[in-house]
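Pasting upload_7.txt here (compact mmCIF, C-alpha atoms):
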```txt
# COMPACT_ATOMS: atom_id res chain seq x y z
CA MET K 17 0.00 0.00 0.00
CA LYS K 18 1.44 3.35 -1.00
CA LYS K 19 1.67 6.03 1.63
CA ALA K 20 1.29 9.77 1.13
CA LEU K 21 0.85 12.75 3.37
CA LEU K 22 -1.91 15.32 3.11
CA VAL K 23 -2.26 18.48 5.10
CA LEU K 24 -5.47 20.46 5.32
CA LEU K 25 -4.37 24.01 6.04
CA SER K 26 -6.40 26.42 8.10
CA SER K 27 -3.98 29.24 8.79
CA VAL K 28 -0.73 30.47 7.35
CA ALA K 29 0.18 33.31 9.65
CA ALA K 30 -0.69 35.22 12.75
CA ALA K 31 -3.44 37.80 12.46
CA PRO K 32 -2.34 40.99 10.67
CA ALA K 33 -1.53 44.14 12.57
CA ALA K 34 -4.46 46.27 13.62
CA VAL K 35 -5.12 49.49 11.71
CA ALA K 36 -6.88 51.13 14.66
CA ASN K 37 -7.58 50.52 18.31
CA ASP K 38 -11.05 49.20 17.46
CA THR K 39 -9.81 46.87 14.74
CA MET K 40 -10.49 43.13 14.89
CA ALA K 41 -8.08 40.98 12.89
CA GLU K 42 -9.38 37.98 10.94
CA LEU K 43 -8.01 34.47 11.17
CA LYS K 44 -6.95 33.32 7.73
CA ALA K 45 -8.23 29.89 6.77
CA GLY K 46 -7.86 27.65 3.77
CA GLY K 47 -8.19 24.23 2.18
CA LEU K 48 -6.38 21.04 1.31
CA VAL K 49 -2.64 20.81 0.86
CA TYR K 50 -1.34 17.68 -0.83
CA VAL K 51 2.33 16.79 -0.56
CA GLN K 52 4.03 15.07 -3.49
CA THR K 53 2.04 12.28 -5.11
CA THR K 54 0.98 11.74 -8.71
CA ASP K 55 -1.52 9.00 -7.90
CA VAL K 56 -4.30 11.16 -6.42
CA SER K 57 -5.64 14.15 -8.36
CA MET K 58 -8.08 16.86 -7.37
CA GLU K 59 -10.94 16.45 -9.81
CA SER K 60 -12.94 19.38 -8.45
CA GLU K 61 -13.17 21.95 -5.68
CA ASP K 62 -16.47 23.67 -4.88
CA LEU K 63 -15.79 26.50 -2.45
CA PHE K 64 -18.44 28.59 -0.69
CA ILE K 65 -17.45 31.62 1.39
CA SER K 66 -19.61 33.95 3.47
CA PRO K 67 -19.05 35.93 6.67
CA ASP K 68 -20.91 33.17 8.55
CA LYS K 69 -19.65 29.95 6.97
CA VAL K 70 -17.00 28.42 4.75
CA THR K 71 -17.75 25.09 3.08
CA VAL K 72 -15.51 23.15 0.73
CA ASP K 73 -16.44 20.10 -1.33
CA TYR K 74 -13.65 18.17 -3.00
CA VAL K 75 -13.63 15.24 -5.37
CA PHE K 76 -10.34 13.32 -5.46
CA ARG K 77 -9.45 10.44 -7.72
CA ASN K 78 -6.82 7.78 -7.17
CA GLY K 79 -5.79 6.94 -10.72
CA SER K 80 -3.38 4.18 -9.71
CA ASP K 81 -4.05 0.46 -9.28
CA LYS K 82 -3.16 0.52 -5.58
CA ASP K 83 -4.82 2.10 -2.54
CA VAL K 84 -3.17 5.23 -1.20
CA GLU K 85 -3.18 5.50 2.59
CA SER K 86 -2.79 8.99 4.01
CA TYR K 87 -2.76 11.02 7.18
CA VAL K 88 -4.83 14.17 6.82
CA ALA K 89 -4.45 17.16 9.10
CA PHE K 90 -6.36 20.41 9.55
CA PRO K 91 -4.15 22.95 11.36
CA MET K 92 -6.31 25.53 13.09
CA PRO K 93 -5.16 29.15 12.98
CA ASP K 94 -2.48 30.01 15.54
CA LEU K 95 -3.84 31.87 18.57
CA THR K 96 -1.33 34.29 20.05
CA ALA K 97 -2.25 36.03 23.28
CA GLY K 98 -0.79 39.24 24.64
CA PRO K 99 -1.66 42.73 25.90
CA ASP K 100 -2.45 43.93 22.35
CA ALA K 101 -4.18 40.76 21.11
CA ASN K 102 -7.40 41.47 19.25
CA VAL K 103 -8.39 38.62 16.95
CA ALA K 104 -11.70 37.43 15.57
CA ILE K 105 -12.50 34.04 17.08
CA GLY K 106 -15.72 32.08 16.93
CA ASP K 107 -15.83 30.35 20.32
CA ALA K 108 -13.02 31.31 22.68
CA GLN K 109 -14.17 28.69 25.20
CA SER K 110 -13.88 25.69 22.85
CA ASP K 111 -10.87 23.82 21.48
CA ASN K 112 -12.77 23.71 18.20
CA PHE K 113 -13.05 27.50 18.08
CA LEU K 114 -13.92 27.56 14.37
CA GLY K 115 -16.56 24.83 14.63
CA PHE K 116 -14.65 22.62 12.17
CA THR K 117 -16.41 19.49 10.84
CA VAL K 118 -15.36 17.02 8.16
CA SER K 119 -16.89 14.07 6.34
CA GLN K 120 -15.75 11.66 3.64
CA ASP K 121 -18.15 10.03 1.21
CA GLY K 122 -21.05 11.19 3.38
CA GLU K 123 -19.74 9.72 6.63
CA GLU K 124 -18.71 12.10 9.39
CA ILE K 125 -15.12 11.84 10.57
CA THR K 126 -14.16 12.42 14.20
CA PRO K 127 -10.56 13.62 14.03
CA ASP K 128 -8.00 13.62 16.81
CA LEU K 129 -6.74 16.94 18.14
CA GLN K 130 -3.13 17.86 18.81
CA GLN K 131 -2.36 21.08 20.69
CA ARG K 132 0.99 22.61 21.60
CA VAL K 133 1.88 25.79 23.46
CA TYR K 134 4.88 27.94 22.50
CA ALA K 135 6.50 30.92 24.22
CA THR K 136 9.70 32.66 23.11
CA GLY K 137 9.92 30.02 20.39
CA LEU K 138 10.03 27.11 22.85
CA ASP K 139 7.52 24.29 23.30
CA MET K 140 6.19 24.67 26.85
CA THR K 141 3.14 22.43 26.56
CA ASP K 142 4.26 19.95 29.23
CA GLU K 143 5.00 22.80 31.64
CA VAL K 144 1.51 24.27 31.24
CA THR K 145 -0.43 21.00 31.34
CA ALA K 146 1.51 19.81 34.41
CA ARG K 147 0.02 22.74 36.30
CA GLY K 148 -3.51 21.92 35.10
CA ILE K 149 -3.80 25.06 32.99
CA PRO K 150 -6.07 24.85 29.90
CA LEU K 151 -4.18 25.60 26.69
CA LEU K 152 -6.73 27.96 25.09
CA PRO K 153 -5.21 31.42 25.65
CA PHE K 154 -8.52 33.34 25.57
CA SER K 155 -10.78 31.07 27.60
CA ASP K 156 -12.32 31.97 30.96
CA ALA K 157 -11.14 28.62 32.37
CA THR K 158 -7.54 29.53 31.52
CA TYR K 159 -7.80 32.92 33.20
CA ALA K 160 -9.29 31.35 36.34
CA ALA K 161 -6.62 28.64 36.51
CA LEU K 162 -3.77 31.13 36.18
CA GLU K 163 -5.11 33.10 39.14
CA LYS K 164 -4.56 30.04 41.35
CA LEU K 165 -0.87 29.54 40.54
CA PRO K 166 1.65 30.02 43.38
CA PRO K 167 3.61 33.32 43.37
CA GLU K 168 6.90 31.57 42.58
CA VAL K 169 5.37 29.92 39.48
CA LEU K 170 3.87 33.22 38.32
CA SER K 171 7.27 34.86 38.69
CA ASP K 172 9.00 32.07 36.77
CA TRP K 173 6.43 31.99 33.98
CA THR K 174 6.59 35.78 33.61
CA ALA K 175 10.36 35.62 33.26
CA ARG K 176 10.05 32.86 30.66
CA GLY K 177 7.50 34.76 28.56
CA LEU K 178 4.54 32.46 29.21
CA ILE K 179 2.41 35.08 30.95
CA PHE K 180 2.34 38.80 31.65
CA ASP K 181 1.00 40.91 34.52
CA ASP K 182 -2.19 42.71 33.54
CA ALA K 183 -2.14 45.62 35.99
CA TYR K 184 -4.84 48.28 36.14
CA ASP K 185 -6.84 50.48 38.50
CA ALA K 186 -10.61 50.09 38.06
CA GLY K 187 -11.38 52.52 40.86
CA LYS K 188 -10.59 50.24 43.79
CA GLY K 189 -6.81 50.43 43.70
CA TRP K 190 -4.32 48.58 41.56
CA GLU K 191 -5.16 45.04 40.53
CA HIS K 192 -2.76 42.44 39.13
CA HIS K 193 -3.92 39.50 37.02
CA PRO K 194 -1.75 36.90 35.23
CA MET K 195 -2.65 36.63 31.55
CA PRO K 196 -1.45 34.26 28.79
CA LEU K 197 1.35 35.38 26.52
CA TRP K 198 1.77 32.12 24.63
CA THR K 199 0.88 30.92 21.13
CA LEU K 200 -1.41 27.91 20.75
CA LYS K 201 -0.89 25.71 17.71
CA SER K 202 -3.72 23.22 17.11
CA ALA K 203 -4.29 20.61 14.41
CA TYR K 204 -7.04 18.09 13.79
CA TRP K 205 -5.84 14.92 12.07
CA TRP K 206 -7.13 11.56 10.91
CA LYS K 207 -6.12 8.60 8.76
CA THR K 208 -7.84 7.83 5.49
CA THR K 209 -7.55 5.72 2.34
CA PHE K 210 -8.01 6.64 -1.31
CA PRO K 211 -9.15 3.37 -2.97
CA ALA K 212 -7.51 2.42 -6.25
CA GLY K 213 -9.29 3.68 -9.36
CA LYS K 214 -12.08 5.40 -7.39
CA GLU K 215 -13.28 8.86 -6.48
CA VAL K 216 -13.38 10.12 -2.90
CA ARG K 217 -15.56 13.03 -1.82
CA VAL K 218 -14.45 15.16 1.12
CA HIS K 219 -16.54 17.90 2.72
CA HIS K 220 -15.43 20.24 5.46
CA GLU K 221 -16.78 23.45 6.90
CA TYR K 222 -16.11 25.98 9.61
CA LYS K 223 -17.02 29.48 10.74
CA PRO K 224 -14.44 32.00 9.52
CA GLY K 225 -12.79 34.53 11.79
CA VAL K 226 -14.15 37.82 10.42
CA GLY K 227 -12.02 40.88 11.06
CA GLY K 228 -12.84 44.51 10.58
CA THR K 229 -12.64 48.06 11.81
CA ALA K 230 -15.07 50.82 12.73
CA GLY K 231 -15.46 53.25 9.88
CA LEU K 232 -13.73 53.13 6.51
CA SER K 233 -9.94 53.27 6.50
CA PHE K 234 -9.38 53.45 2.74
CA ILE K 235 -11.55 56.51 2.14
CA GLN K 236 -11.53 59.67 4.24
CA GLU K 237 -13.69 62.69 3.47
CA GLY K 238 -14.22 61.35 -0.03
CA LYS K 239 -10.50 60.98 -0.78
CA PRO K 240 -8.14 57.99 -0.67
CA GLY K 241 -7.19 57.12 2.91
CA TYR K 242 -3.96 55.69 4.27
CA SER K 243 -4.82 52.09 3.30
CA TYR K 244 -6.14 52.90 -0.19
CA ASP K 245 -3.22 51.60 -2.27
CA GLU K 246 -2.98 48.42 -0.20
CA TYR K 247 -6.72 47.79 -0.56
CA VAL K 248 -6.70 48.31 -4.33
CA LYS K 249 -4.07 45.60 -4.65
CA LYS K 250 -5.51 43.24 -2.04
CA TYR K 251 -9.22 43.54 -2.81
CA CYS K 252 -9.17 44.74 -6.45
CA MET K 253 -11.36 47.76 -5.67
CA ASP K 254 -12.58 49.43 -8.86
CA ASP K 255 -13.73 53.03 -9.38
CA GLY K 256 -17.37 52.10 -8.89
CA PHE K 257 -16.73 50.50 -5.51
CA VAL K 258 -14.63 53.46 -4.36
CA LYS K 259 -17.29 55.97 -5.46
CA THR K 260 -19.94 53.98 -3.61
CA ALA K 261 -17.79 54.00 -0.47
CA ALA K 262 -17.35 57.77 -0.76
CA LYS K 263 -21.14 58.23 -1.01
CA LEU K 264 -21.70 56.00 2.00
CA GLU K 265 -19.13 57.92 4.02
CA LYS K 266 -20.72 61.27 3.12
CA ALA K 267 -24.22 60.00 3.93
CA ALA K 268 -23.00 58.85 7.34
CA SER K 269 -21.28 62.17 8.07
CA ASP K 270 -24.39 64.25 7.33
CA GLN K 271 -26.62 61.65 9.02
CA SER K 272 -28.65 60.97 5.87
CA GLY K 273 -27.57 57.32 5.80
CA PRO K 274 -26.27 54.50 8.01
CA TYR K 275 -22.72 54.33 9.32
CA TYR K 276 -20.71 51.72 7.39
CA MET K 277 -17.84 49.64 8.72
CA GLU K 278 -15.30 47.29 7.13
CA SER K 279 -15.34 43.51 7.49
CA TRP K 280 -12.60 41.21 6.16
CA VAL K 281 -12.66 37.54 5.29
CA SER K 282 -9.64 35.64 3.93
CA TYR K 283 -9.14 32.19 2.46
CA VAL K 284 -5.77 30.57 1.77
CA LEU K 285 -6.33 29.33 -1.78
CA THR K 286 -2.71 28.88 -2.92
CA THR K 287 -2.42 25.67 -0.89
CA GLY K 288 -4.39 24.02 -3.68
CA ALA K 289 -1.28 24.33 -5.85
CA ASN K 290 0.38 21.65 -3.72
CA TRP K 291 -1.69 18.93 -5.33
CA GLY K 292 0.96 18.38 -7.98
CA GLY K 293 -1.16 19.86 -10.74
CA ALA K 294 -4.15 22.02 -11.55
CA ILE K 295 -7.60 21.68 -10.02
CA LYS K 296 -9.54 20.26 -12.96
CA HIS K 297 -12.86 21.94 -12.11
CA PHE K 298 -12.94 24.91 -9.69
CA LYS K 299 -16.01 26.84 -8.54
CA LEU K 300 -16.12 29.72 -6.08
CA THR K 301 -19.39 31.05 -4.67
CA VAL K 302 -19.29 34.14 -2.47
CA ASP K 303 -22.22 35.36 -0.39
CA LYS K 304 -21.89 38.90 0.96
CA GLY K 305 -24.67 38.34 3.50
CA SER K 306 -27.19 41.18 3.47
CA PRO K 307 -28.26 42.99 0.29
CA LYS K 308 -27.24 46.16 2.16
CA ASN K 309 -23.61 45.03 2.22
CA TYR K 310 -21.08 45.86 -0.49
CA ILE K 311 -18.20 43.57 -1.44
CA SER K 312 -14.97 43.71 -3.40
CA PHE K 313 -12.55 40.87 -4.16
CA CYS K 314 -10.20 39.67 -6.89
CA GLY K 315 -11.35 37.11 -9.43
CA GLU K 316 -11.69 36.50 -13.16
CA GLY K 317 -15.05 36.14 -14.82
CA VAL K 318 -17.01 36.79 -11.63
CA LYS K 319 -20.77 36.88 -12.19
CA LYS K 320 -23.61 37.93 -9.91
CA VAL K 321 -25.92 34.92 -9.59
CA GLY K 322 -28.25 36.09 -6.82
CA PRO K 323 -29.20 39.11 -4.71
CA THR K 324 -26.16 38.54 -2.47
CA THR K 325 -24.15 35.86 -4.28
CA PHE K 326 -21.33 35.95 -6.81
CA GLN K 327 -19.69 33.08 -8.64
CA MET K 328 -16.65 32.27 -10.73
CA THR K 329 -15.61 29.00 -12.37
CA ALA K 330 -12.40 27.82 -13.97
CA GLU K 331 -11.06 24.72 -15.67
CA ASP K 332 -7.56 23.37 -15.02
CA PHE K 333 -7.25 26.01 -12.33
CA TYR K 334 -3.85 26.64 -10.76
CA PRO K 335 -4.27 29.02 -7.77
CA GLN K 336 -1.79 31.88 -7.86
CA LYS K 337 -3.18 34.13 -5.11
CA ASP K 338 -5.07 33.78 -1.87
CA LEU K 339 -8.60 35.15 -1.61
CA ASP K 340 -9.30 38.32 0.39
CA PHE K 341 -12.76 39.83 0.69
CA LEU K 342 -13.63 43.37 1.74
CA LEU K 343 -17.18 43.98 2.87
CA LEU K 344 -18.80 47.30 3.72
CA VAL K 345 -21.40 46.57 6.37
CA PRO K 346 -23.88 49.03 7.94
CA SER K 347 -23.78 49.28 11.72
CA GLU K 348 -26.77 47.94 13.59
```
Please express what this file holds, its structure, as structure tokens.
Amino acid sequence: MKKALLVLLSSVAAAPAAVANDTMAELKAGGLVYVQTTDVSMESEDLFISPDKVTVDYVFRNGSDKDVESYVAFPMPDLTAGPDANVAIGDAQSDNFLGFTVSQDGEEITPDLQQRVYATGLDMTDEVTARGIPLLPFSDATYAALEKLPPEVLSDWTARGLIFDDAYDAGKGWEHHPMPLWTLKSAYWWKTTFPAGKEVRVHHEYKPGVGGTAGLSFIQEGKPGYSYDEYVKKYCMDDGFVKTAAKLEKAASDQSGPYYMESWVSYVLTTGANWGGAIKHFKLTVDKGSPKNYISFCGEGVKKVGPTTFQMTAEDFYPQKDLDFLLLVPSE
């Protein structure tokens, strides 16, 4: 039986730097990465992206005369805590903070979960678990457990870069609370087989980490803002989208219209290039959510197929660029 290795990638980097104090950074997520085999091809990828859900349906085909056994992994986005941390996360109290699910040929898969904690570049997982501290850096259980650590451990962990002292005065004198400073790396994994000469259908979905900022950073008083050039390149904003944003900004300033904010969603598409060839049939469907929202993103041959949905298709598709979506969303 031939063996191969597959990796299902969810995040490629830490959340980008904030553009303002009230900015929430998105967690970049993606799809399948396949490492060096010519036996299994990606026949199709059907990708759906919205601010509320990402779903991916793949069809793989093992063209050889032998089964291919593989280990598949889904690395979750890295979670890095700290005094300036401000990331978009679905459920900060759950190990499965993106709500990831996966099935193969219609049968749900229950993957194993591996989690490791790093501080100052060192693996300190055993140190943290030995003290009974949960690994999720933003969970209430983690905060509560840190409060119970002995003073000598708090001092040692502070010196080693695992935690920091969150000191503040809320009106009752200075308070000191130990807070996580580590990075959590998580990955779901499972073992699977691609039968010889047959197709395998894989479905996975999760809730994306949607970032954003109050107001519009790329347009200010009807003129290009400080992030304008970056946004044109990243989101392929055209003149029509920019003019619409300027009108929305003006309407908000004179109180004749709602106040619009930015939302960002990203998807790591270039990992599909690791399948040793092109994706034979690729389809992307994007749903902007409400008809009141506006969206801009890069893509060729994009068509509007519904009140809030857009679609592009390609044959023998070789992904060259990740997908980044900019949404203008009215405040509630």
Q: Determine, counting all atoms listed in the file, which protein, DNA and RNA residues have an atom within 8 Å of an atom of Phe298 (chain K); residues of the same chain fewer than 3 positions away are not included. Present the result as a VMD selection string.
A: chain K and resid 60 to 63 295 329 to 333
Q: Name the residues in contact with region 66-73 of chain K at a cut-off of 8 Å, using only C-alpha atoms, excluding same-chain residues fewer than 3 positions from it; report them as a VMD selection string.
A: chain K and resid 47 60 to 63 217 to 224 226 281 302 to 305
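Counting from CA of Glu215 (chain K), the distance to CA of Ala294 (chain K) is 16.8 Å.
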Q: May I have the protein, DNA and RNA residues with any atom at most 9 Å from the point (2.3, 38.6, 35.0), counting all atoms listed in the file, written as a PyMOL selection string?
A: chain K and resi 170-171+173-175+178-183+192-196
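Nearest to Leu197 (chain K) of all the residues K:Ala135, K:Val169, K:Leu300, K:Leu344 is K:Ala135, based on only C-alpha atoms.
From CA of Glu316 (chain K) back to CA of Val216 (chain K), the distance works out to 28.4 Å.
Straight-line separation from CA of Ala161 (chain K) to CA of Trp205 (chain K): 28.0 Å.
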Q: Compare K:Glu143, K:Asp156, K:Asp121, K:Glu246 by their minimum atom-to-atom distance to Gln109 (chain K), counting all atoms listed in the file, and give me the closest one.
A: K:Asp156
(Q) Give me the residues near Thr301 (chain K) as JSON, numbers by chain, where near means some atom within 8 Å (using only C-alpha atoms) and where sequence neighbours in that chain fewer than 5 positions away do not count. (A) {"K": [62, 63, 64, 65, 325, 326, 327, 328]}
**Q.** Which residue of K:Met92, K:Val56, K:Ala230, K:Ala160 approaches Thr117 (chain K) most closely, using all atoms listed in the file
**A.**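 For Thr117 (chain K), the nearest of the given residues is K:Met92.
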